[in-house]
>>> print(open('final.txt').read())   # compact mmCIF, C-alpha atoms and all ligand atoms
# COMPACT_ATOMS: atom_id res chain seq x y z
CA MET A 1 -16.16 -13.28 10.49
CA ILE A 2 -18.77 -11.49 8.44
CA ALA A 3 -19.16 -11.23 4.67
CA GLY A 4 -16.04 -9.75 3.10
CA GLY A 5 -13.74 -11.22 5.70
CA ILE A 6 -13.53 -8.30 8.11
CA VAL A 7 -12.99 -9.57 11.63
CA GLU A 8 -15.79 -8.56 14.01
CA SER A 9 -14.00 -7.46 17.14
CA ARG A 10 -13.67 -4.47 19.46
CA PHE A 11 -10.01 -3.68 19.84
CA VAL A 12 -7.97 -4.61 16.83
CA ALA A 13 -5.38 -2.67 14.89
CA GLY A 14 -6.72 -1.71 11.48
CA PHE A 15 -10.20 -2.18 10.11
CA SER A 16 -12.90 -3.98 12.06
CA LEU A 17 -16.68 -4.08 12.21
CA VAL A 18 -18.17 -3.10 15.54
CA ASP A 19 -21.96 -3.19 15.87
CA HIS A 20 -22.31 -2.89 12.07
CA HIS A 21 -20.00 0.12 11.93
CA LEU A 22 -16.66 -0.11 10.19
CA GLN A 23 -13.93 1.28 12.40
CA CYS A 24 -10.25 1.97 11.97
CA ASP A 25 -8.19 1.79 15.16
CA GLY A 26 -11.37 2.36 17.14
CA VAL A 27 -12.60 5.35 15.10
CA ASP A 28 -15.94 5.16 13.28
CA LEU A 29 -15.19 5.69 9.60
CA ARG A 30 -18.54 7.25 8.82
CA SER A 31 -17.72 10.12 11.16
CA VAL A 32 -14.31 10.60 9.54
CA ALA A 33 -15.92 10.68 6.08
CA ASP A 34 -18.54 13.15 7.29
CA ALA A 35 -15.91 15.42 8.86
CA GLU A 36 -13.27 15.32 6.12
CA GLY A 37 -15.31 14.59 3.00
CA THR A 38 -14.71 11.95 0.35
CA PRO A 39 -12.80 10.59 -1.50
CA LEU A 40 -10.55 10.12 1.50
CA TYR A 41 -7.66 7.81 2.30
CA VAL A 42 -7.60 6.58 5.90
CA TYR A 43 -4.61 4.78 7.40
CA SER A 44 -4.20 2.83 10.60
CA ALA A 45 -1.02 3.76 12.47
CA ALA A 46 -1.44 0.72 14.74
CA LEU A 47 -1.52 -1.68 11.81
CA ILE A 48 1.52 -0.06 10.18
CA ARG A 49 3.42 -0.52 13.45
CA GLU A 50 2.20 -4.09 13.80
CA ARG A 51 3.14 -5.10 10.26
CA TYR A 52 6.54 -3.41 10.44
CA ARG A 53 7.32 -5.17 13.71
CA ALA A 54 6.09 -8.55 12.47
CA LEU A 55 8.65 -8.44 9.66
CA ASP A 56 11.41 -6.97 11.78
CA ASP A 57 10.93 -9.41 14.67
CA ALA A 58 10.83 -12.39 12.32
CA PHE A 59 14.59 -11.98 11.73
CA ALA A 60 15.02 -13.11 15.35
CA GLY A 61 18.45 -11.64 15.78
CA TYR A 62 19.80 -12.33 12.28
CA PRO A 63 21.49 -9.10 11.11
CA HIS A 64 19.24 -7.22 8.75
CA ALA A 65 17.90 -3.83 7.70
CA LEU A 66 14.37 -3.10 6.61
CA HIS A 67 14.31 -0.47 3.89
CA TYR A 68 10.66 0.55 3.49
CA ALA A 69 9.91 1.05 -0.23
CA LEU A 70 8.68 4.62 -0.34
CA LYS A 71 7.06 4.17 -3.72
CA ALA A 72 4.25 2.23 -2.04
CA ASN A 73 3.19 5.26 -0.04
CA SER A 74 5.40 8.27 0.55
CA ASN A 75 3.07 10.38 2.64
CA LEU A 76 5.31 12.35 5.03
CA ALA A 77 3.50 11.15 8.15
CA ILE A 78 3.69 7.50 7.16
CA GLY A 79 7.38 7.78 6.33
CA ARG A 80 8.00 9.57 9.61
CA LEU A 81 6.13 6.86 11.49
CA LEU A 82 8.23 4.12 9.88
CA ASN A 83 11.41 6.11 10.49
CA SER A 84 10.49 6.37 14.16
CA LEU A 85 10.08 2.59 14.31
CA GLY A 86 13.67 2.15 13.12
CA SER A 87 13.03 1.53 9.44
CA ALA A 88 15.44 2.62 6.74
CA ALA A 89 14.13 3.40 3.23
CA ASP A 90 14.33 2.48 -0.44
CA ALA A 91 13.86 5.44 -2.79
CA ASN A 92 13.13 5.25 -6.48
CA SER A 93 13.99 8.78 -7.54
CA ILE A 94 16.01 11.69 -6.26
CA TRP A 95 12.71 13.32 -5.33
CA GLU A 96 11.81 10.38 -3.13
CA ILE A 97 15.23 10.83 -1.56
CA ASP A 98 14.45 14.50 -0.86
CA VAL A 99 11.14 13.51 0.70
CA ALA A 100 12.83 10.72 2.67
CA GLN A 101 15.25 13.22 4.17
CA ARG A 102 12.29 15.35 5.26
CA MET A 103 10.85 12.25 6.90
CA GLY A 104 14.03 11.97 8.94
CA PHE A 105 15.97 9.34 6.97
CA ALA A 106 19.72 9.99 6.84
CA PRO A 107 21.67 9.28 3.62
CA HIS A 108 23.25 6.18 5.16
CA GLN A 109 19.72 4.78 5.63
CA LEU A 110 18.82 5.11 1.96
CA VAL A 111 19.24 2.80 -0.99
CA PHE A 112 18.51 4.33 -4.37
CA THR A 113 16.89 1.99 -6.89
CA GLY A 114 15.34 2.72 -10.27
CA VAL A 115 15.82 1.58 -13.82
CA GLY A 116 16.50 5.05 -15.22
CA LYS A 117 18.38 7.55 -13.12
CA SER A 118 19.06 10.86 -14.87
CA PRO A 119 22.49 12.55 -14.78
CA ASP A 120 21.18 15.11 -12.28
CA GLU A 121 19.79 12.39 -10.03
CA LEU A 122 23.10 10.51 -10.08
CA GLU A 123 25.08 13.69 -9.42
CA ARG A 124 23.07 14.37 -6.26
CA ALA A 125 23.00 10.75 -5.18
CA VAL A 126 26.78 10.48 -5.31
CA SER A 127 27.22 13.75 -3.43
CA LEU A 128 24.86 12.59 -0.68
CA GLY A 129 26.90 9.46 0.06
CA LEU A 130 23.94 7.05 0.21
CA LYS A 131 24.12 3.56 1.68
CA ALA A 132 24.03 2.32 -1.91
CA ILE A 133 23.06 3.26 -5.42
CA ASN A 134 21.54 0.10 -6.87
CA VAL A 135 23.01 0.03 -10.34
CA GLU A 136 20.98 -1.16 -13.32
CA SER A 137 23.52 -1.31 -16.17
CA ALA A 138 27.21 -1.13 -17.10
CA GLY A 139 26.58 2.32 -18.56
CA GLU A 140 25.02 3.58 -15.34
CA LEU A 141 27.96 2.24 -13.36
CA ALA A 142 30.37 4.10 -15.65
CA ARG A 143 28.37 7.32 -15.26
CA ILE A 144 28.43 6.98 -11.48
CA GLU A 145 32.17 6.38 -11.61
CA ALA A 146 32.77 9.50 -13.70
CA ILE A 147 30.77 11.59 -11.22
CA ALA A 148 32.57 10.03 -8.25
CA VAL A 149 35.96 10.79 -9.80
CA ARG A 150 34.93 14.38 -10.53
CA GLN A 151 33.54 14.85 -7.01
CA GLY A 152 36.61 13.13 -5.53
CA ARG A 153 34.31 10.90 -3.51
CA PRO A 154 34.03 7.11 -4.01
CA ALA A 155 30.45 5.92 -4.56
CA ARG A 156 28.91 2.97 -2.73
CA VAL A 157 27.17 0.78 -5.28
CA ALA A 158 25.13 -2.42 -5.34
CA VAL A 159 24.60 -4.20 -8.63
CA ARG A 160 21.02 -5.20 -9.33
CA ILE A 161 21.17 -8.52 -11.11
CA ASN A 162 18.30 -9.84 -13.19
CA PRO A 163 18.05 -13.43 -11.92
CA ASP A 164 15.62 -14.60 -14.61
CA ILE A 165 13.18 -15.81 -11.94
CA ASP A 166 9.45 -15.80 -12.58
CA ALA A 167 7.74 -14.09 -9.63
CA LYS A 168 4.41 -15.51 -10.85
CA SER A 169 2.77 -12.16 -10.15
CA HIS A 170 0.84 -9.94 -12.57
CA PRO A 171 3.04 -9.38 -15.68
CA HIS A 172 2.96 -5.60 -15.12
CA ILE A 173 4.59 -5.94 -11.71
CA SER A 174 6.92 -8.86 -12.39
CA THR A 175 10.48 -7.63 -12.76
CA GLY A 176 12.75 -10.67 -12.43
CA LEU A 177 12.62 -12.21 -15.90
CA LYS A 178 15.20 -11.65 -18.62
CA ILE A 179 12.55 -10.00 -20.78
CA ASN A 180 11.93 -7.36 -18.09
CA LYS A 181 13.82 -4.07 -18.26
CA PHE A 182 15.25 -4.39 -14.76
CA GLY A 183 18.77 -5.23 -13.64
CA VAL A 184 21.94 -6.51 -15.25
CA PRO A 185 21.91 -10.02 -16.78
CA LEU A 186 24.06 -12.48 -14.83
CA ASP A 187 26.82 -12.83 -17.45
CA ALA A 188 27.11 -9.06 -17.82
CA ALA A 189 27.18 -8.68 -14.03
CA ARG A 190 30.09 -11.12 -13.80
CA GLU A 191 31.95 -9.11 -16.44
CA LEU A 192 31.27 -5.92 -14.47
CA PHE A 193 32.52 -7.42 -11.21
CA ALA A 194 35.75 -8.44 -12.96
CA THR A 195 36.43 -4.79 -13.82
CA LEU A 196 35.97 -3.44 -10.30
CA ALA A 197 39.44 -4.17 -8.92
CA GLY A 198 40.85 -1.35 -11.05
CA ARG A 199 38.10 1.19 -10.24
CA PRO A 200 38.91 2.82 -6.90
CA TYR A 201 36.01 5.28 -7.06
CA LEU A 202 33.46 2.45 -6.98
CA THR A 203 32.89 0.53 -3.74
CA LEU A 204 30.80 -2.58 -4.33
CA VAL A 205 28.78 -3.05 -1.15
CA ALA A 206 26.07 -5.51 -2.20
CA VAL A 207 24.30 -7.46 -4.87
CA HIS A 208 20.61 -6.73 -5.28
CA VAL A 209 17.58 -8.50 -6.74
CA HIS A 210 13.93 -7.54 -6.84
CA ILE A 211 11.79 -10.01 -8.78
CA GLY A 212 8.44 -8.23 -8.58
CA SER A 213 5.61 -7.06 -6.38
CA GLN A 214 2.54 -8.81 -4.93
CA VAL A 215 4.39 -12.13 -4.95
CA THR A 216 2.13 -14.70 -3.35
CA SER A 217 4.19 -17.88 -3.51
CA LEU A 218 7.28 -18.38 -1.41
CA GLU A 219 9.39 -20.28 -3.91
CA PRO A 220 10.35 -17.36 -6.19
CA LEU A 221 11.24 -15.22 -3.17
CA ARG A 222 13.35 -18.04 -1.72
CA GLY A 223 14.93 -18.53 -5.16
CA ALA A 224 15.87 -14.84 -5.36
CA ALA A 225 17.51 -14.98 -1.93
CA GLU A 226 19.42 -18.15 -2.87
CA PHE A 227 20.53 -16.40 -6.03
CA VAL A 228 22.07 -13.39 -4.24
CA ALA A 229 23.62 -15.66 -1.61
CA ALA A 230 25.29 -17.78 -4.30
CA MET A 231 26.53 -14.59 -5.96
CA ALA A 232 27.98 -13.31 -2.69
CA LEU A 233 29.85 -16.59 -2.16
CA GLU A 234 31.13 -16.54 -5.73
CA LEU A 235 32.46 -13.01 -5.21
CA ARG A 236 34.02 -14.00 -1.89
CA ARG A 237 35.93 -16.79 -3.64
CA VAL A 238 37.62 -14.19 -5.84
CA GLY A 239 38.38 -11.95 -2.90
CA MET A 240 35.45 -9.53 -3.18
CA GLU A 241 33.70 -9.26 0.18
CA LEU A 242 30.27 -7.63 0.28
CA GLU A 243 28.76 -5.73 3.22
CA TYR A 244 25.27 -7.18 2.78
CA VAL A 245 22.87 -8.72 0.26
CA ASP A 246 19.67 -6.96 -0.83
CA VAL A 247 16.77 -9.27 -1.71
CA GLY A 248 14.34 -6.47 -2.64
CA GLY A 249 10.65 -6.33 -1.74
CA GLY A 250 7.66 -8.09 -3.18
CA LEU A 251 5.93 -9.92 -0.32
CA GLY A 252 2.27 -10.10 -1.33
CA ILE A 253 -0.85 -9.34 0.70
CA SER A 254 -4.33 -10.82 0.60
CA TYR A 255 -6.67 -8.64 -1.42
CA ASP A 256 -9.52 -11.17 -1.35
CA GLY A 257 -9.28 -12.42 2.21
CA GLY A 258 -7.59 -15.68 1.12
CA PRO A 259 -4.40 -17.04 2.66
CA VAL A 260 -1.04 -15.41 1.90
CA ILE A 261 2.59 -15.98 2.84
CA ASP A 262 3.16 -15.49 6.53
CA PRO A 263 5.87 -12.85 7.11
CA ARG A 264 7.68 -15.29 9.42
CA ALA A 265 7.78 -17.97 6.73
CA TYR A 266 9.08 -15.39 4.25
CA VAL A 267 11.84 -14.17 6.55
CA GLU A 268 12.75 -17.72 7.56
CA ALA A 269 13.14 -18.66 3.88
CA ILE A 270 15.41 -15.73 3.05
CA VAL A 271 17.46 -16.07 6.23
CA ASP A 272 17.98 -19.80 5.54
CA ALA A 273 19.11 -18.97 2.03
CA VAL A 274 21.51 -16.20 3.05
CA ARG A 275 22.84 -17.66 6.33
CA PRO A 276 25.74 -19.56 4.64
CA THR A 277 27.19 -16.18 3.64
CA GLY A 278 26.93 -14.73 7.15
CA LEU A 279 26.04 -11.42 5.51
CA PRO A 280 23.34 -9.03 6.75
CA ILE A 281 20.14 -8.99 4.71
CA VAL A 282 18.45 -5.88 3.34
CA ILE A 283 14.78 -6.18 2.38
CA GLU A 284 12.71 -3.49 0.66
CA PRO A 285 9.09 -4.17 1.61
CA GLY A 286 6.40 -1.68 0.64
CA ARG A 287 2.99 -3.23 0.03
CA SER A 288 3.23 -5.78 2.84
CA ILE A 289 3.65 -3.01 5.43
CA VAL A 290 1.20 -0.35 4.33
CA GLY A 291 -1.22 -2.09 1.94
CA PRO A 292 -3.68 -3.53 4.48
CA ALA A 293 -3.30 -0.45 6.70
CA GLY A 294 -5.12 1.86 4.28
CA ALA A 295 -8.63 2.18 2.88
CA LEU A 296 -10.13 4.61 0.41
CA LEU A 297 -13.51 5.98 1.50
CA ALA A 298 -15.86 6.88 -1.33
CA ARG A 299 -19.45 8.04 -1.49
CA VAL A 300 -22.17 6.76 -3.80
CA ILE A 301 -23.09 9.71 -6.04
CA ASP A 302 -25.40 8.03 -8.55
CA LEU A 303 -27.29 4.80 -9.12
CA LYS A 304 -28.63 3.63 -12.46
CA PRO A 305 -29.70 0.40 -14.09
CA ARG A 306 -27.01 -1.60 -15.87
CA ASN A 307 -28.68 -4.76 -17.13
CA ALA A 308 -31.42 -7.16 -16.10
CA VAL A 309 -29.57 -8.25 -12.99
CA SER A 310 -27.35 -5.39 -11.87
CA ASP A 311 -27.10 -1.66 -11.33
CA PHE A 312 -24.26 0.80 -11.67
CA ALA A 313 -23.25 2.54 -8.47
CA VAL A 314 -21.19 5.60 -9.41
CA LEU A 315 -18.71 6.54 -6.69
CA ASP A 316 -16.86 9.80 -6.10
CA ALA A 317 -13.56 7.88 -6.30
CA GLY A 318 -12.19 6.03 -9.27
CA MET A 319 -9.02 5.47 -11.25
CA THR A 320 -7.74 8.95 -10.39
CA GLU A 321 -7.68 8.11 -6.68
CA LEU A 322 -6.95 4.36 -6.95
CA MET A 323 -5.48 3.32 -10.27
CA ARG A 324 -4.86 -0.35 -9.52
CA PRO A 325 -8.18 -1.80 -10.72
CA ALA A 326 -8.02 0.07 -14.04
CA LEU A 327 -4.28 -0.50 -14.50
CA TYR A 328 -3.92 -4.15 -13.52
CA GLY A 329 -7.49 -5.38 -13.16
CA ALA A 330 -6.68 -5.48 -9.45
CA TYR A 331 -9.31 -6.69 -6.99
CA HIS A 332 -10.07 -4.79 -3.76
CA ARG A 333 -12.69 -5.79 -1.22
CA ILE A 334 -15.33 -3.07 -0.92
CA GLU A 335 -17.55 -2.75 2.14
CA PRO A 336 -20.16 -0.24 3.32
CA VAL A 337 -18.97 1.66 6.39
CA HIS A 338 -22.39 1.05 7.86
CA ALA A 339 -23.31 -2.60 7.32
CA THR A 340 -26.90 -3.83 7.22
CA ASP A 341 -28.35 -7.31 7.12
CA ALA A 342 -30.55 -6.54 4.09
CA ALA A 343 -30.44 -9.02 1.20
CA PRO A 344 -27.57 -8.09 -1.14
CA CYS A 345 -28.01 -6.65 -4.61
CA HIS A 346 -25.70 -6.89 -7.62
CA TYR A 347 -23.62 -3.80 -8.44
CA GLU A 348 -20.93 -2.65 -10.83
CA LEU A 349 -19.03 -0.08 -8.75
CA VAL A 350 -17.61 2.54 -11.08
CA GLY A 351 -15.67 5.77 -10.75
CA PRO A 352 -16.59 9.19 -12.15
CA VAL A 353 -13.75 9.38 -14.67
CA CYS A 354 -14.39 9.54 -18.39
CA GLU A 355 -12.93 6.08 -19.18
CA SER A 356 -14.76 2.77 -19.41
CA SER A 357 -11.83 1.15 -17.58
CA ASP A 358 -12.76 3.23 -14.54
CA VAL A 359 -14.38 0.34 -12.69
CA VAL A 360 -13.47 0.05 -9.02
CA GLY A 361 -15.28 -3.22 -8.33
CA ARG A 362 -16.88 -5.56 -10.86
CA ASP A 363 -19.93 -7.68 -10.13
CA ARG A 364 -20.18 -7.05 -6.41
CA MET A 365 -22.95 -8.18 -4.10
CA LEU A 366 -23.71 -5.51 -1.49
CA ALA A 367 -26.66 -4.61 0.70
CA PRO A 368 -28.87 -2.12 -1.23
CA LEU A 369 -27.06 1.17 -1.73
CA ALA A 370 -28.48 4.66 -1.50
CA ILE A 371 -27.00 7.91 -2.75
CA GLY A 372 -24.72 9.32 -0.05
CA ASP A 373 -23.71 5.93 1.36
CA VAL A 374 -20.02 5.63 2.17
CA LEU A 375 -18.05 2.60 1.01
CA ALA A 376 -14.56 1.56 2.08
CA ILE A 377 -12.26 0.21 -0.60
CA LEU A 378 -9.95 -1.93 1.49
CA ASP A 379 -6.23 -2.75 1.28
CA ALA A 380 -5.57 0.51 -0.53
CA GLY A 381 -2.64 1.72 1.59
CA ALA A 382 0.00 0.78 -0.99
CA TYR A 383 0.15 2.06 -4.58
CA GLY A 384 -3.10 3.95 -3.91
CA ALA A 385 -2.59 7.61 -3.02
CA ALA A 386 0.95 7.30 -4.36
CA MET A 387 -0.38 6.67 -7.87
CA ALA A 388 -3.26 9.18 -7.79
CA SER A 389 -3.52 11.69 -10.62
CA ASN A 390 -5.28 14.89 -11.65
CA TYR A 391 -6.87 13.37 -14.76
CA ASN A 392 -10.19 15.10 -15.48
CA ARG A 393 -8.75 17.85 -13.24
CA ARG A 394 -9.80 15.87 -10.23
CA PRO A 395 -8.06 17.07 -7.07
CA LEU A 396 -5.80 14.66 -5.19
CA PRO A 397 -7.77 13.20 -2.28
CA ALA A 398 -7.14 14.04 1.35
CA GLU A 399 -5.37 11.53 3.59
CA VAL A 400 -5.96 10.87 7.25
CA LEU A 401 -3.78 8.93 9.70
CA ILE A 402 -5.70 7.42 12.58
CA ASP A 403 -3.85 6.69 15.78
CA ARG A 404 -5.04 5.70 19.23
CA GLY A 405 -8.62 6.81 18.71
CA ARG A 406 -7.97 10.14 17.02
CA TRP A 407 -7.04 11.26 13.55
CA ASP A 408 -4.85 13.79 11.77
CA VAL A 409 -5.30 15.06 8.25
CA VAL A 410 -1.83 14.23 6.92
CA ARG A 411 -2.52 15.57 3.46
CA ARG A 412 -5.27 18.06 2.86
CA ARG A 413 -7.45 17.78 -0.21
CA GLN A 414 -5.93 19.51 -3.22
CA THR A 415 -7.69 22.64 -4.48
CA VAL A 416 -7.97 24.00 -8.02
CA ASP A 417 -5.54 26.74 -6.96
CA ASP A 418 -3.02 24.08 -5.87
CA MET A 419 -3.50 22.36 -9.19
CA LEU A 420 -3.00 25.51 -11.24
CA ALA A 421 -0.17 26.94 -9.16
CA LEU A 422 2.43 25.69 -11.65
CA GLU A 423 0.59 26.76 -14.80
CA HIS A 424 0.82 29.95 -16.77
CA ILE A 425 -1.33 31.02 -19.70
CA GLY A 426 1.63 32.54 -21.57
CA SER A 427 1.60 34.93 -24.48
CA THR A 428 0.68 32.47 -27.28
CA ALA A 429 -2.82 32.03 -25.82
CA THR A 430 -3.59 35.66 -26.66
CA VAL A 431 -2.56 35.36 -30.34
CA ARG A 432 -5.61 34.65 -32.55
C1 LIG B 1 13.38 -2.20 -6.40
C2 LIG B 1 12.12 -2.34 -5.63
N1 LIG B 1 12.20 -2.59 -4.32
C3 LIG B 1 11.09 -2.72 -3.56
C4 LIG B 1 9.83 -2.60 -4.10
C5 LIG B 1 8.64 -2.75 -3.22
O1 LIG B 1 7.89 -3.85 -3.56
P1 LIG B 1 6.65 -4.27 -2.66
O2 LIG B 1 5.82 -3.07 -2.45
O3 LIG B 1 5.97 -5.31 -3.46
O4 LIG B 1 7.20 -4.83 -1.38
C6 LIG B 1 9.71 -2.34 -5.47
C7 LIG B 1 8.37 -2.26 -6.10
O5 LIG B 1 8.06 -2.94 -7.01
C8 LIG B 1 10.88 -2.20 -6.26
O6 LIG B 1 10.81 -1.92 -7.55
>>> encode(input="final.txt", output="structure tokens")
Amino acid sequence: MIAGGIVESRFVAGFSLVDHHLQCDGVDLRSVADAEGTPLYVYSAALIRERYRALDDAFAGYPHALHYALKANSNLAIGRLLNSLGSAADANSIWEIDVAQRMGFAPHQLVFTGVGKSPDELERAVSLGLKAINVESAGELARIEAIAVRQGRPARVAVRINPDIDAKSHPHISTGLKINKFGVPLDAARELFATLAGRPYLTLVAVHVHIGSQVTSLEPLRGAAEFVAAMALELRRVGMELEYVDVGGGLGISYDGGPVIDPRAYVEAIVDAVRPTGLPIVIEPGRSIVGPAGALLARVIDLKPRNAVSDFAVLDAGMTELMRPALYGAYHRIEPVHATDAAPCHYELVGPVCESSDVVGRDRMLAPLAIGDVLAILDAGAYGAAMASNYNRRPLPAEVLIDRGRWDVVRRRQTVDDMLALEHIGSTATVR
């Protein structure tokens, strides 16, 4: 291992240092940055495959379906890759469903989650005949029913229950407590289930929980699985048989190189919890599949003194390309793509955006930087490009998928024309 925890090795999936050069799936990242410009997202196809298979194989024959959470990264090429591996998908809006279909996912491979689905979204979702609409309230269930009756087509629904479990993650991405806006409280869910016998246009196929994202201890995830299993058994006792249980996503990754939950331990825990029901398990992993498989490459565009001990290094990527540090105070390892053995200096790595929260890495020790150096912001494959914005009229970055020693630009860099394509000056602008 070298500083920063990147494994020094020649043929590994993902990011590795070879002779001081950071590579992704065998491709030198400096050459990709030089060819495609920065800021640039780079993804390792090999690592996406490896991480998908690790989760999938861990079920060891127990019936299950992996519904990749598109919100983590819905680049067409990445979705297509996961589709080709046999993944199904979890979509959080009707637009994600549209994109999922273009990736090759069929309606029966899609679950539709989301705390606020508009009437238009529900109308389309019902007409598509999805695997399930994960329902968030009694009102939403009634709206789905009305649409199903009008369309003459029963809707397959799962009820998302709020289990009041603390995921012990960052408060902004914890969703399983009563105070969070997500799901139906248990008592209300029981009341809803009791009404279903007389509602022929609603087919209850599952119960669903999702307690949060970047969950790094096993107990809350096990607790959530035990919760849905107990609910399934309770429903069975009153004659309501489910098709499966959905335990959501949330498996955390290591952003600092420290230990995290092994995917096998995670799957073993949820399978143990659900096995008494005999029901298939749906999981909705996002971050754990694509997070470590992506990095954001950024160039140093300015250096200036900060205080007696540190300098600012201004990068050409910031909160507009990777919002997580500014939004959640999230930590990402940051490494030069060309490592040197020079004594490290103290830097505050900041973005170019006009906000003081636009800090990509606080108090970092790195070998002396020069203008033009390329840095890799690691573990940026999930909730990175997907959350990018045009603030300060900054164009969305390009994205590259590296596979077997070559790369494809899977999203070109946005241009000002792309950005303005939807805008129109209108007549009021000419009135003085
Ligand atoms: C309902 C639901 N399922 C799955 C996920 C994916 O979570 P993660 O990326 O942590 O696996 C999310 C994201 O928070 C979610 O809201």
>>> residues_around(input="final.txt", residues="region 159-174 of chain A", least_positions_apart="4", cutoff="7 Å", atoms="only C-alpha atoms", output="list in words")
Asn134, Val135, Glu136, Lys178, Phe182, Gly183, Val184, Pro185, Leu186, Ala189, Ala206, Val207, His208, Val209, Ile211, Gly212, Ser213, Gln214, Val215 and Pro220 of chain A
>>> atom_distance(input="final.txt", atom1="CA of Leu47 (chain A)", atom2="CA of Leu70 (chain A)")
17.1 Å
>>> closest_atom_pairs(input="final.txt", of="chain A", to="ligand LIG 1 (chain B)", cutoff="8 Å", atoms="only C-alpha atoms and all ligand atoms", output="JSON lines")
{"residue": "A:Tyr68", "atom": "CA", "partner": "B:LIG1", "partner_atom": "C5", "distance": 7.7}
{"residue": "A:Ala69", "atom": "CA", "partner": "B:LIG1", "partner_atom": "C5", "distance": 5.0}
{"residue": "A:Leu70", "atom": "CA", "partner": "B:LIG1", "partner_atom": "C5", "distance": 7.9}
{"residue": "A:Lys71", "atom": "CA", "partner": "B:LIG1", "partner_atom": "C7", "distance": 7.0}
{"residue": "A:Ala72", "atom": "CA", "partner": "B:LIG1", "partner_atom": "O2", "distance": 5.5}
{"residue": "A:Asp90", "atom": "CA", "partner": "B:LIG1", "partner_atom": "N1", "distance": 6.7}
{"residue": "A:Asn92", "atom": "CA", "partner": "B:LIG1", "partner_atom": "C1", "distance": 7.5}
{"residue": "A:Thr113", "atom": "CA", "partner": "B:LIG1", "partner_atom": "C1", "distance": 5.5}
{"residue": "A:Gly114", "atom": "CA", "partner": "B:LIG1", "partner_atom": "C1", "distance": 6.6}
{"residue": "A:Ile173", "atom": "CA", "partner": "B:LIG1", "partner_atom": "O5", "distance": 6.6}
{"residue": "A:Thr175", "atom": "CA", "partner": "B:LIG1", "partner_atom": "O6", "distance": 7.7}
{"residue": "A:Val209", "atom": "CA", "partner": "B:LIG1", "partner_atom": "C1", "distance": 7.6}
{"residue": "A:His210", "atom": "CA", "partner": "B:LIG1", "partner_atom": "C1", "distance": 5.4}
{"residue": "A:Gly212", "atom": "CA", "partner": "B:LIG1", "partner_atom": "O5", "distance": 5.5}
{"residue": "A:Ser213", "atom": "CA", "partner": "B:LIG1", "partner_atom": "O3", "distance": 3.4}
{"residue": "A:Gln214", "atom": "CA", "partner": "B:LIG1", "partner_atom": "O3", "distance": 5.1}
{"residue": "A:Val215", "atom": "CA", "partner": "B:LIG1", "partner_atom": "O3", "distance": 7.2}
{"residue": "A:Gly248", "atom": "CA", "partner": "B:LIG1", "partner_atom": "N1", "distance": 4.7}
{"residue": "A:Gly249", "atom": "CA", "partner": "B:LIG1", "partner_atom": "O4", "distance": 3.8}
{"residue": "A:Gly250", "atom": "CA", "partner": "B:LIG1", "partner_atom": "O3", "distance": 3.3}
{"residue": "A:Leu251", "atom": "CA", "partner": "B:LIG1", "partner_atom": "O4", "distance": 5.4}
{"residue": "A:Gly252", "atom": "CA", "partner": "B:LIG1", "partner_atom": "O3", "distance": 6.4}
{"residue": "A:Ile283", "atom": "CA", "partner": "B:LIG1", "partner_atom": "C3", "distance": 7.8}
{"residue": "A:Glu284", "atom": "CA", "partner": "B:LIG1", "partner_atom": "C3", "distance": 4.6}
{"residue": "A:Pro285", "atom": "CA", "partner": "B:LIG1", "partner_atom": "O4", "distance": 3.6}
{"residue": "A:Gly286", "atom": "CA", "partner": "B:LIG1", "partner_atom": "O2", "distance": 3.4}
{"residue": "A:Arg287", "atom": "CA", "partner": "B:LIG1", "partner_atom": "O2", "distance": 3.8}
{"residue": "A:Ser288", "atom": "CA", "partner": "B:LIG1", "partner_atom": "O4", "distance": 5.9}
{"residue": "A:Ile289", "atom": "CA", "partner": "B:LIG1", "partner_atom": "O4", "distance": 7.9}
{"residue": "A:Ala382", "atom": "CA", "partner": "B:LIG1", "partner_atom": "O2", "distance": 7.1}
{"residue": "A:Tyr383", "atom": "CA", "partner": "B:LIG1", "partner_atom": "O2", "distance": 7.9}
>>> closest_residue(input="final.txt", among="A:Leu366, A:Val12, A:Ile78, A:Leu110", to="Ser93 (chain A)", atoms="only C-alpha atoms")
A:Leu110
>>> atom_distance(input="final.txt", atom1="CA of Val228 (chain A)", atom2="CA of Leu66 (chain A)")
16.8 Å
>>> atom_distance(input="final.txt", atom1="CA of Val271 (chain A)", atom2="CA of Phe105 (chain A)")
25.5 Å
>>> residues_near_point(input="final.txt", point="(12.8, -8.9, 10.6)", cutoff="10 Å", atoms="only C-alpha atoms", output="JSON, numbers by chain")
{"A": [52, 53, 54, 55, 56, 57, 58, 59, 60, 61, 62, 63, 64, 65, 66, 263, 264, 266, 267, 268, 271, 281, 282, 283]}
>>> closest_residue(input="final.txt", among="A:Leu375, A:Ala13, A:His21, A:Leu202", to="Thr340 (chain A)", atoms="all atoms listed in the file")
A:His21
>>> axis_aligned_box(input="final.txt", around="region 284-290 of chain A", padding_each_side="5 Å", output="lines of an AutoDock Vina configuration file")
center_x = 7.0
center_y = -3.1
center_z = 2.7
size_x = 21.5
size_y = 15.4
size_z = 15.4
>>> closest_atom_pairs(input="final.txt", of="region 363-396 of chain A", to="region 290-307 of chain A", cutoff="8 Å", atoms="only C-alpha atoms", output="tab-separated table")
residue	atom	partner	partner_atom	distance
A:Leu369	CA	A:Val300	CA	7.7
A:Ala370	CA	A:Val300	CA	7.0
A:Ile371	CA	A:Val300	CA	5.1
A:Gly372	CA	A:Val300	CA	5.2
A:Asp373	CA	A:Val300	CA	5.4
A:Val374	CA	A:Arg299	CA	4.4
A:Leu375	CA	A:Ala298	CA	5.3
A:Ala376	CA	A:Leu297	CA	4.6
A:Ile377	CA	A:Leu296	CA	5.0
A:Leu378	CA	A:Ala295	CA	4.5
A:Asp379	CA	A:Pro292	CA	4.2
A:Ala380	CA	A:Ala295	CA	4.9
A:Gly381	CA	A:Gly294	CA	3.7
A:Ala382	CA	A:Gly291	CA	4.3
A:Tyr383	CA	A:Gly291	CA	7.8
